[in-house]
Amino acid sequence: MTLADHHTGDNAGAGRRPRPRIAAVIPALDEAPSIARVVEGLSGQALLASGEIIVVDNGSTDGTGEIARRAGARVVREGRRGYGYACLAGVLAARDAEVIVLLDGDAADEPDDLPRVLKPLLEEEADLVVGSRALGSRARGSMTWQQIFGNHLAAFLMRVLYGVRVSDVGPFRAIRREDLLALEMREMTYGWPSEMIVKSARTGYRYCEVPVTYHQRIGISKVGDTLVGSLKVGWRIISTVLRYSRWTPRKTNAAGVHR
Ligand SMILES: Nc1nc2c(ncn2[C@@H]2O[C@H](COP(=O)(O)OP(=O)(O)OP(=O)(O)O)[C@@H](O)[C@H]2O)c(=O)[nH]1
Ligand SMILES: [Mg+2]
């Protein structure tokens with residue numbers, strides 16, 4: 001059963017459309033201090049009552065996977081290290097889901113923002129929804145100045161090169177699984193979030209931002225606070241934005257077939 005709740009009258013979308021099955025996908029590398037909080041915060045969300053929470057353990061050595069499983073998540077393992085690899089493994093594992101929600105395992109994203117992130121998608125007003133910390137709020141110290149600068153630059157280039165109104169390249173997002181797979185994602189590390197936005201723009205997906213709250217992460221940063229580490233990540237993001245400016249979707253199914 002892939003469509004649920006249509007006899008409970010519990011529809012989130014406009015009209016009487018049945019609610020699609022939703023999977024929350026959480027990439028996690030050594031997030032033992034925070035992962036249970038994230039899973040538990042999502043478990044209480046009505047929109048996920050008939051969906052699932054998938055934590056992708058990206059080779060953690062601190063027991064993240066076991067903690068996530070005990071908190072109620074389905075745990076998928078991905079041996080290849082990288083944010084994009086972890087996200088993709090979760091998306092592929094979510095075979096029964098029509099809609100994917102991505103968020104991080106470090107408790108920086110607010111699970112209570114889930115309905116807000118899903119709303120434009122469920123109401124069929126957008127094809128990709130990204131939670132914007134610029135439109136919402138960001139806890140002091142939750143991002144380094146390098147992260148803030150890199151993010152602004154990436155958003156600026158997206159506006160200029162792709163004509164998409166991006167204020168923030170945030171991790172909390174929602175997209176139909178079929179639409180995401182049609183993007184044929186290639187960036188398997190930090191380029192993944194940017195690739196998703198720019199390829200969506202090139203495909204003609206409707207883009208929407210919603211305000212979200214961003215907390216100080218729990219646990220130790222994987223990116224690191226070093227300038228060299230941040231520059232590497234920043235360059236990966238910026239080069240991704242530049243790389244796909246002439247990309248075209250291989251199949252024409254993505255933007256048109258189911259609408
Ligand atoms: N950095 C990194 N994160 C990964 C990887 N695999 C999974 N993740 C998870 O991806 C999410 C995002 O990584 P973060 O380290 O929070 O990246 P960030 O939010 O840009 O930076 P900080 O929160 O400031 O460290 C977290 O849930 C990580 O645990 C990986 O190979 N590298
Ligand atoms: Mg983080």
# chains A, B, ... in the order shown; residues from 1 in each chain; ligands from 1

$ residues_near_ligand --ligand "ligand 2" --cutoff "9 Å" --atoms "only C-alpha atoms and all ligand atoms" --output "PyMOL selection string"
chain A and resi 104-109+142-143+171+216-218+221-223

$ write_last_selection --atoms "N, CA, C and O atoms" --output "mmCIF file, in the first residue's frame"
data_model
loop_
_atom_site.group_PDB
_atom_site.id
_atom_site.type_symbol
_atom_site.label_atom_id
_atom_site.label_comp_id
_atom_site.auth_asym_id
_atom_site.auth_seq_id
_atom_site.Cartn_x
_atom_site.Cartn_y
_atom_site.Cartn_z
ATOM 1 N N ASP A 104 19.338 16.704 8.042
ATOM 2 C CA ASP A 104 20.595 16.214 8.621
ATOM 3 C C ASP A 104 20.389 15.534 9.972
ATOM 4 O O ASP A 104 19.387 15.746 10.645
ATOM 5 N N GLY A 105 21.392 14.756 10.341
ATOM 6 C CA GLY A 105 21.310 13.968 11.569
ATOM 7 C C GLY A 105 21.943 14.629 12.778
ATOM 8 O O GLY A 105 22.073 14.014 13.840
ATOM 9 N N ASP A 106 22.347 15.899 12.619
ATOM 10 C CA ASP A 106 23.061 16.550 13.720
ATOM 11 C C ASP A 106 22.159 17.441 14.567
ATOM 12 O O ASP A 106 22.645 18.230 15.389
ATOM 13 N N ALA A 107 20.836 17.334 14.329
ATOM 14 C CA ALA A 107 19.826 18.087 15.091
ATOM 15 C C ALA A 107 19.874 19.590 14.820
ATOM 16 O O ALA A 107 19.331 20.376 15.593
ATOM 17 N N ALA A 108 20.514 19.982 13.722
ATOM 18 C CA ALA A 108 20.507 21.403 13.357
ATOM 19 C C ALA A 108 19.156 21.791 12.743
ATOM 20 O O ALA A 108 18.691 22.909 12.918
ATOM 21 N N ASP A 109 18.554 20.847 12.030
ATOM 22 C CA ASP A 109 17.234 21.119 11.454
ATOM 23 C C ASP A 109 16.164 20.857 12.508
ATOM 24 O O ASP A 109 16.339 20.021 13.390
ATOM 25 N N SER A 142 25.589 28.729 14.584
ATOM 26 C CA SER A 142 25.225 27.462 13.946
ATOM 27 C C SER A 142 25.938 27.275 12.609
ATOM 28 O O SER A 142 26.045 26.167 12.098
ATOM 29 N N MET A 143 26.402 28.405 12.030
ATOM 30 C CA MET A 143 27.188 28.306 10.789
ATOM 31 C C MET A 143 28.419 29.185 10.943
ATOM 32 O O MET A 143 28.336 30.271 11.530
ATOM 33 N N PRO A 171 19.793 22.188 3.940
ATOM 34 C CA PRO A 171 19.706 20.722 3.847
ATOM 35 C C PRO A 171 18.288 20.149 3.969
ATOM 36 O O PRO A 171 18.042 19.022 3.556
ATOM 37 N N GLN A 216 21.989 25.258 16.521
ATOM 38 C CA GLN A 216 23.399 24.879 16.649
ATOM 39 C C GLN A 216 23.458 23.356 16.581
ATOM 40 O O GLN A 216 22.677 22.683 17.260
ATOM 41 N N ARG A 217 24.323 22.807 15.730
ATOM 42 C CA ARG A 217 24.403 21.346 15.640
ATOM 43 C C ARG A 217 24.835 20.741 16.965
ATOM 44 O O ARG A 217 25.528 21.382 17.762
ATOM 45 N N ILE A 218 24.426 19.496 17.220
ATOM 46 C CA ILE A 218 24.939 18.746 18.362
ATOM 47 C C ILE A 218 26.108 17.914 17.832
ATOM 48 O O ILE A 218 26.070 17.439 16.695
ATOM 49 N N SER A 221 31.516 18.900 14.221
ATOM 50 C CA SER A 221 31.370 19.186 12.792
ATOM 51 C C SER A 221 32.240 18.260 11.959
ATOM 52 O O SER A 221 33.403 18.029 12.283
ATOM 53 N N LYS A 222 31.659 17.730 10.867
ATOM 54 C CA LYS A 222 32.444 16.879 9.960
ATOM 55 C C LYS A 222 33.209 17.739 8.968
ATOM 56 O O LYS A 222 34.262 17.371 8.455
ATOM 57 N N VAL A 223 32.657 18.890 8.683
ATOM 58 C CA VAL A 223 33.299 19.802 7.743
ATOM 59 C C VAL A 223 34.566 20.373 8.376
ATOM 60 O O VAL A 223 35.567 20.608 7.715
#

$ select_by_dssp --residues "segment 64-225 of chain A" --states "strand (DSSP E or B)" --output "PyMOL selection string"
chain A and resi 74-77+99-102+109+128-138+173-176+207-214

$ write_last_selection --atoms "N, CA and C atoms" --output "mmCIF file, in the first residue's frame"
data_model
loop_
_atom_site.group_PDB
_atom_site.id
_atom_site.type_symbol
_atom_site.label_atom_id
_atom_site.label_comp_id
_atom_site.auth_asym_id
_atom_site.auth_seq_id
_atom_site.Cartn_x
_atom_site.Cartn_y
_atom_site.Cartn_z
ATOM 1 N N ARG A 74 14.476 3.063 10.437
ATOM 2 C CA ARG A 74 15.035 1.973 9.636
ATOM 3 C C ARG A 74 16.452 2.422 9.261
ATOM 4 N N VAL A 75 17.414 1.549 9.478
ATOM 5 C CA VAL A 75 18.804 1.953 9.234
ATOM 6 C C VAL A 75 19.348 1.257 7.987
ATOM 7 N N VAL A 76 19.883 2.079 7.098
ATOM 8 C CA VAL A 76 20.496 1.588 5.871
ATOM 9 C C VAL A 76 21.972 1.929 5.974
ATOM 10 N N ARG A 77 22.819 1.017 5.504
ATOM 11 C CA ARG A 77 24.255 1.323 5.582
ATOM 12 C C ARG A 77 24.824 1.656 4.214
ATOM 13 N N VAL A 99 7.298 10.556 -1.869
ATOM 14 C CA VAL A 99 7.913 11.845 -1.534
ATOM 15 C C VAL A 99 9.077 11.617 -0.565
ATOM 16 N N ILE A 100 10.171 12.301 -0.826
ATOM 17 C CA ILE A 100 11.356 12.205 0.029
ATOM 18 C C ILE A 100 11.572 13.546 0.746
ATOM 19 N N VAL A 101 11.816 13.461 2.040
ATOM 20 C CA VAL A 101 12.238 14.634 2.794
ATOM 21 C C VAL A 101 13.658 14.356 3.274
ATOM 22 N N LEU A 102 14.551 15.286 3.001
ATOM 23 C CA LEU A 102 15.942 15.124 3.458
ATOM 24 C C LEU A 102 16.234 16.107 4.580
ATOM 25 N N ASP A 109 18.554 20.847 12.030
ATOM 26 C CA ASP A 109 17.234 21.119 11.454
ATOM 27 C C ASP A 109 16.164 20.857 12.508
ATOM 28 N N LEU A 128 10.173 21.125 -5.953
ATOM 29 C CA LEU A 128 11.296 21.047 -5.013
ATOM 30 C C LEU A 128 11.102 22.153 -3.982
ATOM 31 N N VAL A 129 11.072 21.749 -2.720
ATOM 32 C CA VAL A 129 10.926 22.730 -1.638
ATOM 33 C C VAL A 129 12.194 22.681 -0.787
ATOM 34 N N VAL A 130 12.764 23.829 -0.549
ATOM 35 C CA VAL A 130 13.974 23.895 0.285
ATOM 36 C C VAL A 130 13.713 24.821 1.476
ATOM 37 N N GLY A 131 14.060 24.360 2.647
ATOM 38 C CA GLY A 131 13.940 25.171 3.849
ATOM 39 C C GLY A 131 15.032 26.225 3.852
ATOM 40 N N SER A 132 14.632 27.478 3.938
ATOM 41 C CA SER A 132 15.610 28.576 3.920
ATOM 42 C C SER A 132 15.837 29.121 5.321
ATOM 43 N N ARG A 133 17.098 29.085 5.721
ATOM 44 C CA ARG A 133 17.474 29.651 7.018
ATOM 45 C C ARG A 133 17.554 31.158 6.923
ATOM 46 N N ALA A 134 17.698 31.676 5.713
ATOM 47 C CA ALA A 134 17.722 33.127 5.526
ATOM 48 C C ALA A 134 16.318 33.703 5.722
ATOM 49 N N LEU A 135 15.310 32.990 5.248
ATOM 50 C CA LEU A 135 13.928 33.442 5.426
ATOM 51 C C LEU A 135 13.433 33.149 6.836
ATOM 52 N N GLY A 136 14.006 32.088 7.434
ATOM 53 C CA GLY A 136 13.615 31.709 8.791
ATOM 54 C C GLY A 136 14.602 32.269 9.797
ATOM 55 N N SER A 137 15.110 31.389 10.656
ATOM 56 C CA SER A 137 16.071 31.884 11.643
ATOM 57 C C SER A 137 17.204 30.889 11.854
ATOM 58 N N ARG A 138 18.320 31.428 12.198
ATOM 59 C CA ARG A 138 19.536 30.638 12.350
ATOM 60 C C ARG A 138 20.157 30.993 13.695
ATOM 61 N N ARG A 173 14.760 19.604 2.869
ATOM 62 C CA ARG A 173 14.100 19.766 1.583
ATOM 63 C C ARG A 173 13.149 18.626 1.268
ATOM 64 N N ALA A 174 12.272 18.857 0.333
ATOM 65 C CA ALA A 174 11.313 17.829 -0.069
ATOM 66 C C ALA A 174 11.179 17.798 -1.587
ATOM 67 N N ILE A 175 11.082 16.587 -2.102
ATOM 68 C CA ILE A 175 10.958 16.399 -3.559
ATOM 69 C C ILE A 175 10.295 15.046 -3.800
ATOM 70 N N ARG A 176 9.575 14.925 -4.910
ATOM 71 C CA ARG A 176 9.036 13.607 -5.253
ATOM 72 C C ARG A 176 10.190 12.676 -5.610
ATOM 73 N N TYR A 207 10.292 25.703 -8.110
ATOM 74 C CA TYR A 207 11.106 25.805 -6.899
ATOM 75 C C TYR A 207 10.405 26.656 -5.855
ATOM 76 N N CYS A 208 10.501 26.241 -4.632
ATOM 77 C CA CYS A 208 9.857 27.006 -3.568
ATOM 78 C C CYS A 208 10.717 26.950 -2.307
ATOM 79 N N GLU A 209 10.832 28.073 -1.650
ATOM 80 C CA GLU A 209 11.525 28.121 -0.362
ATOM 81 C C GLU A 209 10.518 28.377 0.746
ATOM 82 N N VAL A 210 10.772 27.770 1.878
ATOM 83 C CA VAL A 210 9.943 28.067 3.056
ATOM 84 C C VAL A 210 10.888 28.404 4.211
ATOM 85 N N PRO A 211 10.469 29.276 5.114
ATOM 86 C CA PRO A 211 11.350 29.620 6.245
ATOM 87 C C PRO A 211 11.495 28.448 7.211
ATOM 88 N N VAL A 212 12.719 28.184 7.630
ATOM 89 C CA VAL A 212 12.948 27.151 8.645
ATOM 90 C C VAL A 212 13.874 27.684 9.739
ATOM 91 N N THR A 213 13.846 26.961 10.830
ATOM 92 C CA THR A 213 14.693 27.297 11.974
ATOM 93 C C THR A 213 15.933 26.401 11.940
ATOM 94 N N TYR A 214 17.079 26.993 12.202
ATOM 95 C CA TYR A 214 18.324 26.217 12.192
ATOM 96 C C TYR A 214 19.003 26.350 13.544
#

$ closest_residue --among "A:Tyr205, A:Phe149, A:Tyr190, A:Trp247" --to "ligand 1" --atoms "only C-alpha atoms and all ligand atoms"
A:Tyr190

$ select_by_dssp --residues "segment 77-180 of chain A" --states "alpha helix (DSSP H)" --output "number ranges by chain"
A: 83-93, 114-122, 145-162, 177-180

$ atom_distance --atom1 "atom CA of Ala182 of chain A" --atom2 "atom CA of Ser245 of chain A"
17.1 Å

$ residues_around --residues "Gly150 of chain A" --least-positions-apart "6" --cutoff "8 Å" --atoms "only C-alpha atoms" --output "NGL selection string"
:A and (234 or 237-238)

$ write_last_selection --atoms "C-alpha atoms" --output "PDB file, in the first residue's frame"
ATOM      1  CA  GLY A 234      33.038  25.719  -0.678  1.00  0.00           C
ATOM      2  CA  ILE A 237      29.665  23.600  -3.978  1.00  0.00           C
ATOM      3  CA  ILE A 238      30.572  26.488  -6.277  1.00  0.00           C
TER       4      ILE A 238
END

$ closest_residue --among "A:Ala36, A:Val166, A:Leu181, A:Met158" --to "Val241 of chain A" --atoms "only C-alpha atoms"
A:Met158

$ atom_distance --atom1 "atom 17 (O, counted along the ligand's line) of ligand 1" --atom2 "atom CA of Arg186 of chain A"
18.5 Å

$ closest_residue --among "A:Leu118, A:Ala94, A:Ile67, A:Ala73" --to "Leu47 of chain A" --atoms "only C-alpha atoms"
A:Leu118

$ residues_around --residues "Asn58 of chain A" --least-positions-apart "3" --cutoff "9 Å" --atoms "only C-alpha atoms" --output "short mmCIF file (atom, residue, chain, number, x, y, z; two decimals) with N, CA and C atoms, in the first residue's frame"
data_model
loop_
_atom_site.label_atom_id
_atom_site.label_comp_id
_atom_site.auth_asym_id
_atom_site.auth_seq_id
_atom_site.Cartn_x
_atom_site.Cartn_y
_atom_site.Cartn_z
N PRO A 27 21.02 11.41 6.30
CA PRO A 27 22.40 10.92 6.19
C PRO A 27 23.09 11.14 7.53
N ALA A 28 23.83 10.16 8.00
CA ALA A 28 24.43 10.33 9.33
C ALA A 28 25.81 9.68 9.39
N LEU A 29 26.77 10.49 9.75
CA LEU A 29 28.13 10.00 9.98
C LEU A 29 28.54 10.41 11.40
N ASP A 30 28.66 9.44 12.25
CA ASP A 30 29.06 9.69 13.64
C ASP A 30 28.21 10.78 14.30
N GLY A 65 24.19 4.02 14.08
CA GLY A 65 23.19 3.15 13.46
C GLY A 65 22.32 2.45 14.51
N VAL A 76 19.88 2.08 7.10
CA VAL A 76 20.50 1.59 5.87
C VAL A 76 21.97 1.93 5.97
N ARG A 77 22.82 1.02 5.50
CA ARG A 77 24.25 1.32 5.58
C ARG A 77 24.82 1.66 4.21
N GLU A 78 25.65 2.69 4.17
CA GLU A 78 26.34 3.07 2.93
C GLU A 78 27.83 3.17 3.26
N GLY A 79 28.62 2.31 2.61
CA GLY A 79 30.04 2.24 2.93
C GLY A 79 30.85 3.35 2.30
N ARG A 80 30.39 3.87 1.17
CA ARG A 80 31.14 4.93 0.48
C ARG A 80 30.89 6.24 1.21
N ARG A 81 31.95 6.83 1.69
CA ARG A 81 31.85 8.05 2.49
C ARG A 81 31.47 9.24 1.62
N GLY A 82 30.52 10.01 2.05
CA GLY A 82 30.13 11.21 1.30
C GLY A 82 28.66 11.52 1.54
N TYR A 83 28.38 12.79 1.73
CA TYR A 83 27.01 13.24 1.98
C TYR A 83 26.05 12.78 0.86
N TYR A 85 26.47 10.29 -1.37
CA TYR A 85 26.31 8.82 -1.35
C TYR A 85 25.28 8.42 -0.31
N ALA A 86 25.39 9.05 0.87
CA ALA A 86 24.48 8.69 1.95
C ALA A 86 23.03 9.06 1.59
#
